[in-house]
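A.B. asks: First the structure, which I've put down as structure tokens, then a few questions once you've had a look.
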Amino acid sequence: MNPLFKAVDTVISWWCHVVLYITLSVVFVILSVNVCLRYAAGSSLSWASELPELMFPWMIMSGVVIAAQHGSHIAVVMLTQKLGAARRWVLTGASLVVAGLYLGLAYTALPVFEIAADERSPIMQVPGSVSVGCLLWGFVMLAIVTLCRLPQVWRGEEHNEFGADT
């Protein structure tokens with residue numbers, strides 16, 4: 001893989017892992033504390049259901065990007081294996097289409113991001129753009145990851161489930 005593509009891919013992977021671990025940990029702690037408070041004191045934190053709701057899309061989108069980096073996303077393997085020599089042309093074209101669609105989705109999410117900025121969550125008053133922002137950034141990162149993997153697709157290099165190229 002090209003050193004620049006590898007560096008970009010590594011930064012995206014690092015960022016997504018950090019987001020995934022932080023959101024998963026915070027959501028787990030908040031929900032656990034809230035459950036303990038309900039059973040022990042008969043009360044709960046008023047914001048304890050709202051914060052996990054805001055963090056959940058970030059957790060999911062970072063997981064989607066990591067899955068795409070490892071080739072663990074949905075793929076039509078049976079069809080591409082039967083293509084033979086035309087396989088790399090089809091996969092390269094499909095990768096370009098997919099990257100274009102991701103960028104199109106990001107572009108479509110931009111006006112929604114601006115509209116959602118005016119909406120606030122009921123308790124914490126967090127702008128709605130926080131949740132929509134994860135879609136916007138996620139689609140851009142998915143497009144970048146797809147384009148970074150394009151040379152590997154063109155060369156016909158497979159990607160195994162452990163993230164190492166074969």
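Every chain in the structure tokens has a letter given in the order shown (A, B, ...), and although residue numbers restart at 1 in each chain, ligands are simply numbered from 1 in the order shown.
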Give me the residues of range 16-57 of chain A that have any atom at most 12 Å from an atom of range 112-128 of chain A; for each, the nearest atom pair and the distance in Å, rounded to one decimal. Use only C-alpha atoms, sort by chain and number, and format it as JSON lines.

C.D. replies:
{"residue": "A:Leu45", "atom": "CA", "partner": "A:Ile123", "partner_atom": "CA", "distance": 10.7}
{"residue": "A:Ser46", "atom": "CA", "partner": "A:Ile123", "partner_atom": "CA", "distance": 7.4}
{"residue": "A:Trp47", "atom": "CA", "partner": "A:Ile123", "partner_atom": "CA", "distance": 6.2}
{"residue": "A:Ala48", "atom": "CA", "partner": "A:Ile123", "partner_atom": "CA", "distance": 9.8}
{"residue": "A:Ser49", "atom": "CA", "partner": "A:Ile123", "partner_atom": "CA", "distance": 9.8}
{"residue": "A:Glu50", "atom": "CA", "partner": "A:Ile123", "partner_atom": "CA", "distance": 7.4}
{"residue": "A:Leu51", "atom": "CA", "partner": "A:Met124", "partner_atom": "CA", "distance": 8.1}
{"residue": "A:Pro52", "atom": "CA", "partner": "A:Met124", "partner_atom": "CA", "distance": 11.8}
{"residue": "A:Glu53", "atom": "CA", "partner": "A:Ser121", "partner_atom": "CA", "distance": 10.1}
{"residue": "A:Leu54", "atom": "CA", "partner": "A:Val126", "partner_atom": "CA", "distance": 8.6}
{"residue": "A:Met55", "atom": "CA", "partner": "A:Val126", "partner_atom": "CA", "distance": 11.4}
{"residue": "A:Pro57", "atom": "CA", "partner": "A:Gly128", "partner_atom": "CA", "distance": 11.8}

A.B. asks: Excluding Ala109 in chain A and residues on its chain fewer than 2 positions from it, collect all residues at most 12 Å away from it, counting only C-alpha atoms, and give them as a compact mmCIF listing (two decimals) with all heavy atoms, in the first residue's frame.

C.D. replies:
# COMPACT_ATOMS: atom_id res chain seq x y z
N TYR A 102 -20.75 7.28 -1.24
CA TYR A 102 -20.47 7.75 0.12
C TYR A 102 -20.31 9.27 0.15
O TYR A 102 -20.84 9.94 1.04
CB TYR A 102 -19.20 7.11 0.68
CG TYR A 102 -19.36 5.67 1.13
CD1 TYR A 102 -18.35 4.74 0.89
CD2 TYR A 102 -20.49 5.24 1.81
CE1 TYR A 102 -18.47 3.43 1.30
CE2 TYR A 102 -20.61 3.92 2.22
CZ TYR A 102 -19.60 3.02 1.96
OH TYR A 102 -19.72 1.73 2.37
N LEU A 103 -19.58 9.81 -0.82
CA LEU A 103 -19.42 11.27 -0.88
C LEU A 103 -20.75 11.96 -1.16
O LEU A 103 -21.03 13.03 -0.64
CB LEU A 103 -18.38 11.65 -1.93
CG LEU A 103 -16.94 11.29 -1.56
CD1 LEU A 103 -16.00 11.57 -2.73
CD2 LEU A 103 -16.49 12.03 -0.32
N GLY A 104 -21.58 11.32 -1.99
CA GLY A 104 -22.92 11.86 -2.24
C GLY A 104 -23.78 11.86 -0.99
O GLY A 104 -24.52 12.83 -0.72
N LEU A 105 -23.68 10.81 -0.20
CA LEU A 105 -24.41 10.76 1.06
C LEU A 105 -23.91 11.83 2.03
O LEU A 105 -24.70 12.46 2.74
CB LEU A 105 -24.29 9.37 1.69
CG LEU A 105 -25.11 8.27 1.04
CD1 LEU A 105 -24.70 6.91 1.57
CD2 LEU A 105 -26.60 8.50 1.25
N ALA A 106 -22.59 12.04 2.05
CA ALA A 106 -22.03 13.08 2.92
C ALA A 106 -22.52 14.45 2.47
O ALA A 106 -22.90 15.28 3.30
CB ALA A 106 -20.50 13.02 2.90
N TYR A 107 -22.55 14.68 1.18
CA TYR A 107 -23.02 15.95 0.64
C TYR A 107 -24.50 16.16 0.97
O TYR A 107 -24.92 17.26 1.31
CB TYR A 107 -22.78 15.99 -0.87
CG TYR A 107 -23.24 17.27 -1.51
CD1 TYR A 107 -22.48 18.43 -1.38
CD2 TYR A 107 -24.41 17.32 -2.26
CE1 TYR A 107 -22.89 19.61 -1.96
CE2 TYR A 107 -24.82 18.50 -2.86
CZ TYR A 107 -24.05 19.64 -2.70
OH TYR A 107 -24.46 20.80 -3.29
N PRO A 111 -26.80 19.61 4.44
CA PRO A 111 -27.92 20.49 4.80
C PRO A 111 -28.69 20.00 6.04
O PRO A 111 -29.17 20.81 6.83
CB PRO A 111 -28.83 20.47 3.57
CG PRO A 111 -28.10 19.77 2.51
CD PRO A 111 -26.92 19.09 3.10
N VAL A 112 -28.77 18.69 6.19
CA VAL A 112 -29.44 18.14 7.37
C VAL A 112 -28.65 18.50 8.62
O VAL A 112 -29.23 18.82 9.66
CB VAL A 112 -29.60 16.60 7.24
CG1 VAL A 112 -30.23 16.01 8.48
CG2 VAL A 112 -30.40 16.25 6.01
N PHE A 113 -27.33 18.48 8.52
CA PHE A 113 -26.45 18.87 9.61
C PHE A 113 -26.73 20.31 10.03
O PHE A 113 -26.84 20.62 11.22
CB PHE A 113 -24.99 18.70 9.16
CG PHE A 113 -23.97 19.13 10.17
CD1 PHE A 113 -23.65 18.33 11.25
CD2 PHE A 113 -23.31 20.34 10.03
CE1 PHE A 113 -22.70 18.72 12.18
CE2 PHE A 113 -22.35 20.74 10.94
CZ PHE A 113 -22.05 19.92 12.02
N GLU A 114 -26.87 21.19 9.05
CA GLU A 114 -27.12 22.60 9.34
C GLU A 114 -28.50 22.80 9.98
O GLU A 114 -28.66 23.60 10.90
CB GLU A 114 -27.00 23.43 8.06
CG GLU A 114 -25.57 23.46 7.53
CD GLU A 114 -25.47 24.04 6.13
OE1 GLU A 114 -26.51 24.40 5.54
OE2 GLU A 114 -24.34 24.14 5.63
N ILE A 115 -29.49 22.07 9.49
CA ILE A 115 -30.85 22.18 10.05
C ILE A 115 -30.88 21.63 11.47
O ILE A 115 -31.47 22.23 12.37
CB ILE A 115 -31.86 21.43 9.15
CG1 ILE A 115 -32.00 22.14 7.81
CG2 ILE A 115 -33.22 21.30 9.84
CD1 ILE A 115 -32.74 21.34 6.76
N ALA A 116 -30.22 20.48 11.68
CA ALA A 116 -30.24 19.82 12.99
C ALA A 116 -29.49 20.64 14.05
O ALA A 116 -29.71 20.44 15.25
CB ALA A 116 -29.64 18.43 12.89
N SER A 129 -27.10 18.42 15.58
CA SER A 129 -26.04 18.23 14.60
C SER A 129 -24.94 17.29 15.09
O SER A 129 -24.16 16.78 14.28
CB SER A 129 -25.44 19.59 14.22
OG SER A 129 -24.94 20.24 15.36
N SER A 131 -25.39 14.28 16.32
CA SER A 131 -25.71 12.95 15.79
C SER A 131 -25.58 12.91 14.27
O SER A 131 -25.07 11.94 13.71
CB SER A 131 -27.12 12.54 16.19
OG SER A 131 -27.20 12.39 17.58
N VAL A 132 -26.04 13.96 13.61
CA VAL A 132 -25.95 14.00 12.15
C VAL A 132 -24.50 14.13 11.72
O VAL A 132 -24.10 13.60 10.68
CB VAL A 132 -26.81 15.16 11.58
CG1 VAL A 132 -26.68 15.25 10.08
CG2 VAL A 132 -28.27 14.97 11.97
N GLY A 133 -23.69 14.80 12.53
CA GLY A 133 -22.27 14.96 12.21
C GLY A 133 -21.54 13.64 12.10
O GLY A 133 -20.61 13.50 11.29
N CYS A 134 -21.95 12.67 12.89
CA CYS A 134 -21.28 11.37 12.81
C CYS A 134 -21.55 10.71 11.46
O CYS A 134 -20.68 10.04 10.91
CB CYS A 134 -21.66 10.46 13.96
SG CYS A 134 -23.18 9.58 13.78
N LEU A 135 -22.74 10.90 10.92
CA LEU A 135 -23.03 10.37 9.58
C LEU A 135 -22.18 11.06 8.53
O LEU A 135 -21.60 10.42 7.66
CB LEU A 135 -24.51 10.55 9.25
CG LEU A 135 -25.50 9.76 10.08
CD1 LEU A 135 -26.92 10.15 9.72
CD2 LEU A 135 -25.29 8.27 9.87
N LEU A 136 -22.11 12.37 8.63
CA LEU A 136 -21.33 13.15 7.68
C LEU A 136 -19.87 12.71 7.68
O LEU A 136 -19.31 12.38 6.63
CB LEU A 136 -21.45 14.63 8.03
CG LEU A 136 -20.85 15.58 7.03
CD1 LEU A 136 -21.95 16.05 6.09
CD2 LEU A 136 -20.26 16.77 7.73
N TRP A 137 -19.25 12.69 8.86
CA TRP A 137 -17.85 12.27 8.96
C TRP A 137 -17.67 10.80 8.61
O TRP A 137 -16.68 10.42 7.99
CB TRP A 137 -17.31 12.54 10.36
CG TRP A 137 -16.96 13.96 10.55
CD1 TRP A 137 -17.66 14.90 11.27
CD2 TRP A 137 -15.85 14.66 9.98
NE1 TRP A 137 -17.05 16.12 11.18
CE2 TRP A 137 -15.93 15.99 10.40
CE3 TRP A 137 -14.80 14.28 9.17
CZ2 TRP A 137 -14.99 16.95 10.02
CZ3 TRP A 137 -13.87 15.23 8.80
CH2 TRP A 137 -13.97 16.54 9.23
N GLY A 138 -18.62 9.97 9.00
CA GLY A 138 -18.53 8.54 8.69
C GLY A 138 -18.54 8.28 7.20
O GLY A 138 -17.75 7.48 6.69
N PHE A 139 -19.44 8.95 6.48
CA PHE A 139 -19.50 8.76 5.02
C PHE A 139 -18.22 9.25 4.34
O PHE A 139 -17.72 8.61 3.42
CB PHE A 139 -20.72 9.46 4.43
CG PHE A 139 -22.03 8.82 4.80
CD1 PHE A 139 -23.13 9.60 5.11
CD2 PHE A 139 -22.16 7.44 4.85
CE1 PHE A 139 -24.33 9.02 5.45
CE2 PHE A 139 -23.37 6.85 5.20
CZ PHE A 139 -24.46 7.64 5.50
N VAL A 140 -17.69 10.37 4.80
CA VAL A 140 -16.43 10.88 4.23
C VAL A 140 -15.30 9.89 4.51
O VAL A 140 -14.51 9.57 3.61
CB VAL A 140 -16.10 12.29 4.79
CG1 VAL A 140 -14.69 12.70 4.42
CG2 VAL A 140 -17.11 13.31 4.28

A.B. asks: Return the single residue from A:Pro3, A:Arg155, A:Cys16, A:Leu147 that is closest to Arg87 in chain A, with distances computed using only C-alpha atoms.

C.D. replies: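 Of A:Pro3, A:Arg155, A:Cys16, A:Leu147, the one nearest Arg87 in chain A, counting only C-alpha atoms, is A:Arg155.
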
A.B. asks: Name the closest residue to Val27 in chain A among the candidates A:Met59, A:Gly42, A:Cys148, A:Ala7; distances are taken between atoms, counting only C-alpha atoms.

C.D. replies: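 Distance minimum relative to Val27 in chain A lands on A:Met59.
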
A.B. asks: Find the distance between CA of Met61 in chain A and CA of Val11 in chain A and write it in Å to one decimal.

C.D. replies: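 Interatomic distance, CA of Met61 in chain A to CA of Val11 in chain A: 15.7 Å.
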
A.B. asks: Given only C-alpha atoms as the basis, pick out the residue of A:Thr92, A:Phe56, A:Gln69, A:Val153 nearest to Val26 in chain A.

C.D. replies: A:Phe56

A.B. asks: Which residue is closest to Leu101 in chain A? Choose from A:Val64, A:Ile144, A:Lys6, A:His70 and count only C-alpha atoms.

C.D. replies: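 Answer, going by the shortest atom-to-atom distance: A:Ile144.
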
A.B. asks: Which parts of range 1-163 of chain A does DSSP call alpha helix (DSSP H) when run on the backbone here, written out as a PyMOL selection string?

C.D. replies: chain A and resi 3-41+50-69+77-81+87-116+129-148+150-155

A.B. asks: Please identify all polymer residues within 12 Å of Trp15 in chain A, counting only C-alpha atoms, omitting same-chain residues fewer than 3 positions from it, and present them as a list in words.

C.D. replies: Val8, Asp9, Thr10, Val11, Ile12, Val18, Val19, Leu20, Tyr21, Ile22, Trp58, Met59, Met61, Ser62, Gly63, Val65, Ile66, Trp137, Gly138 and Met141 of chain A

A.B. asks: Next, write the just-selected residues to a file, as a short mmCIF file (atom, residue, chain, number, x, y, z; two decimals), in the first residue's frame, keeping all heavy atoms as the atom set.

C.D. replies:
data_model
loop_
_atom_site.label_atom_id
_atom_site.label_comp_id
_atom_site.auth_asym_id
_atom_site.auth_seq_id
_atom_site.Cartn_x
_atom_site.Cartn_y
_atom_site.Cartn_z
N VAL A 8 -2.95 7.63 6.00
CA VAL A 8 -4.33 8.11 6.11
C VAL A 8 -5.22 7.01 6.68
O VAL A 8 -6.02 7.25 7.58
CB VAL A 8 -4.86 8.57 4.72
CG1 VAL A 8 -6.36 8.81 4.75
CG2 VAL A 8 -4.12 9.82 4.26
N ASP A 9 -5.04 5.79 6.19
CA ASP A 9 -5.82 4.65 6.66
C ASP A 9 -5.56 4.39 8.14
O ASP A 9 -6.48 4.11 8.91
CB ASP A 9 -5.45 3.42 5.83
CG ASP A 9 -6.48 2.33 5.91
OD1 ASP A 9 -7.67 2.61 5.66
OD2 ASP A 9 -6.10 1.18 6.22
N THR A 10 -4.31 4.53 8.56
CA THR A 10 -3.94 4.32 9.96
C THR A 10 -4.55 5.38 10.87
O THR A 10 -5.05 5.07 11.95
CB THR A 10 -2.40 4.30 10.11
OG1 THR A 10 -1.88 3.26 9.29
CG2 THR A 10 -1.99 4.06 11.54
N VAL A 11 -4.51 6.63 10.43
CA VAL A 11 -5.11 7.72 11.22
C VAL A 11 -6.62 7.51 11.36
O VAL A 11 -7.17 7.66 12.46
CB VAL A 11 -4.79 9.09 10.58
CG1 VAL A 11 -5.64 10.19 11.20
CG2 VAL A 11 -3.32 9.41 10.72
N ILE A 12 -7.27 7.14 10.27
CA ILE A 12 -8.71 6.89 10.34
C ILE A 12 -8.99 5.72 11.28
O ILE A 12 -9.91 5.77 12.09
CB ILE A 12 -9.29 6.64 8.93
CG1 ILE A 12 -9.29 7.95 8.13
CG2 ILE A 12 -10.70 6.05 9.00
CD1 ILE A 12 -9.69 7.79 6.68
N VAL A 18 -10.53 4.92 18.84
CA VAL A 18 -10.66 5.78 20.01
C VAL A 18 -12.13 6.11 20.25
O VAL A 18 -12.64 5.99 21.38
CB VAL A 18 -9.82 7.07 19.86
CG1 VAL A 18 -10.18 8.11 20.91
CG2 VAL A 18 -8.34 6.74 19.94
N VAL A 19 -12.83 6.52 19.20
CA VAL A 19 -14.25 6.86 19.33
C VAL A 19 -15.04 5.64 19.79
O VAL A 19 -15.88 5.73 20.68
CB VAL A 19 -14.82 7.41 18.00
CG1 VAL A 19 -16.33 7.50 18.03
CG2 VAL A 19 -14.21 8.77 17.68
N LEU A 20 -14.75 4.49 19.20
CA LEU A 20 -15.47 3.26 19.55
C LEU A 20 -15.26 2.89 21.01
O LEU A 20 -16.22 2.61 21.74
CB LEU A 20 -15.01 2.12 18.64
CG LEU A 20 -15.74 0.80 18.78
CD1 LEU A 20 -17.20 0.94 18.37
CD2 LEU A 20 -15.06 -0.25 17.94
N TYR A 21 -14.02 2.90 21.48
CA TYR A 21 -13.73 2.51 22.86
C TYR A 21 -14.29 3.51 23.86
O TYR A 21 -14.84 3.12 24.90
CB TYR A 21 -12.23 2.32 23.07
CG TYR A 21 -11.66 1.17 22.27
CD1 TYR A 21 -10.39 1.25 21.72
CD2 TYR A 21 -12.39 0.01 22.03
CE1 TYR A 21 -9.86 0.20 20.98
CE2 TYR A 21 -11.87 -1.04 21.30
CZ TYR A 21 -10.60 -0.93 20.77
OH TYR A 21 -10.09 -1.96 20.05
N ILE A 22 -14.16 4.79 23.57
CA ILE A 22 -14.67 5.80 24.50
C ILE A 22 -16.19 5.74 24.58
O ILE A 22 -16.76 5.71 25.68
CB ILE A 22 -14.19 7.22 24.11
CG1 ILE A 22 -12.70 7.36 24.41
CG2 ILE A 22 -15.00 8.29 24.84
CD1 ILE A 22 -12.09 8.65 23.91
N TRP A 58 -22.28 7.51 16.96
CA TRP A 58 -20.83 7.60 16.80
C TRP A 58 -20.17 6.24 16.97
O TRP A 58 -19.24 5.90 16.25
CB TRP A 58 -20.25 8.61 17.80
CG TRP A 58 -20.60 10.01 17.45
CD1 TRP A 58 -21.68 10.71 17.87
CD2 TRP A 58 -19.89 10.87 16.57
NE1 TRP A 58 -21.68 11.97 17.31
CE2 TRP A 58 -20.59 12.09 16.52
CE3 TRP A 58 -18.72 10.74 15.82
CZ2 TRP A 58 -20.16 13.15 15.74
CZ3 TRP A 58 -18.29 11.80 15.06
CH2 TRP A 58 -19.01 12.99 15.02
N MET A 59 -20.67 5.47 17.91
CA MET A 59 -20.14 4.13 18.15
C MET A 59 -20.39 3.24 16.92
O MET A 59 -19.50 2.54 16.45
CB MET A 59 -20.80 3.52 19.39
CG MET A 59 -20.30 2.16 19.76
SD MET A 59 -20.95 1.56 21.34
CE MET A 59 -22.70 1.61 21.09
N MET A 61 -21.10 4.16 13.72
CA MET A 61 -20.41 4.61 12.52
C MET A 61 -18.92 4.32 12.58
O MET A 61 -18.32 3.93 11.58
CB MET A 61 -20.66 6.09 12.27
CG MET A 61 -20.18 6.55 10.91
SD MET A 61 -20.81 5.59 9.51
CE MET A 61 -22.31 6.45 9.15
N SER A 62 -18.30 4.45 13.75
CA SER A 62 -16.87 4.11 13.84
C SER A 62 -16.66 2.62 13.62
O SER A 62 -15.69 2.21 12.98
CB SER A 62 -16.28 4.56 15.18
OG SER A 62 -16.91 3.93 16.25
N GLY A 63 -17.59 1.80 14.11
CA GLY A 63 -17.51 0.36 13.85
C GLY A 63 -17.69 0.02 12.38
O GLY A 63 -17.03 -0.88 11.86
N VAL A 65 -16.84 1.96 9.83
CA VAL A 65 -15.60 2.33 9.13
C VAL A 65 -14.50 1.30 9.40
O VAL A 65 -13.79 0.89 8.46
CB VAL A 65 -15.14 3.75 9.55
CG1 VAL A 65 -13.77 4.07 8.96
CG2 VAL A 65 -16.16 4.79 9.13
N ILE A 66 -14.38 0.84 10.63
CA ILE A 66 -13.38 -0.19 10.95
C ILE A 66 -13.68 -1.48 10.19
O ILE A 66 -12.78 -2.12 9.66
CB ILE A 66 -13.32 -0.44 12.47
CG1 ILE A 66 -12.76 0.79 13.18
CG2 ILE A 66 -12.49 -1.68 12.80
CD1 ILE A 66 -12.91 0.77 14.70
N TRP A 137 -19.25 12.69 8.86
CA TRP A 137 -17.85 12.27 8.96
C TRP A 137 -17.67 10.80 8.61
O TRP A 137 -16.68 10.42 7.99
CB TRP A 137 -17.31 12.54 10.36
CG TRP A 137 -16.96 13.96 10.55
CD1 TRP A 137 -17.66 14.90 11.27
CD2 TRP A 137 -15.85 14.66 9.98
NE1 TRP A 137 -17.05 16.12 11.18
CE2 TRP A 137 -15.93 15.99 10.40
CE3 TRP A 137 -14.80 14.28 9.17
CZ2 TRP A 137 -14.99 16.95 10.02
CZ3 TRP A 137 -13.87 15.23 8.80
CH2 TRP A 137 -13.97 16.54 9.23
N GLY A 138 -18.62 9.97 9.00
CA GLY A 138 -18.53 8.54 8.69
C GLY A 138 -18.54 8.28 7.20
O GLY A 138 -17.75 7.48 6.69
N MET A 141 -15.23 9.38 5.74
CA MET A 141 -14.17 8.42 6.06
C MET A 141 -14.32 7.12 5.28
O MET A 141 -13.34 6.52 4.85
CB MET A 141 -14.12 8.15 7.57
CG MET A 141 -13.50 9.29 8.33
SD MET A 141 -13.15 8.91 10.05
CE MET A 141 -14.80 8.82 10.72
#

A.B. asks: Report the distance between CA of Leu96 in chain A and CA of Ala143 in chain A in Å, rounded to one decimal place.

C.D. replies: 8.9 Å

A.B. asks: Quote the spacing between CA of Cys36 in chain A and CA of His17 in chain A in Å to one decimal place.

C.D. replies: 28.2 Å
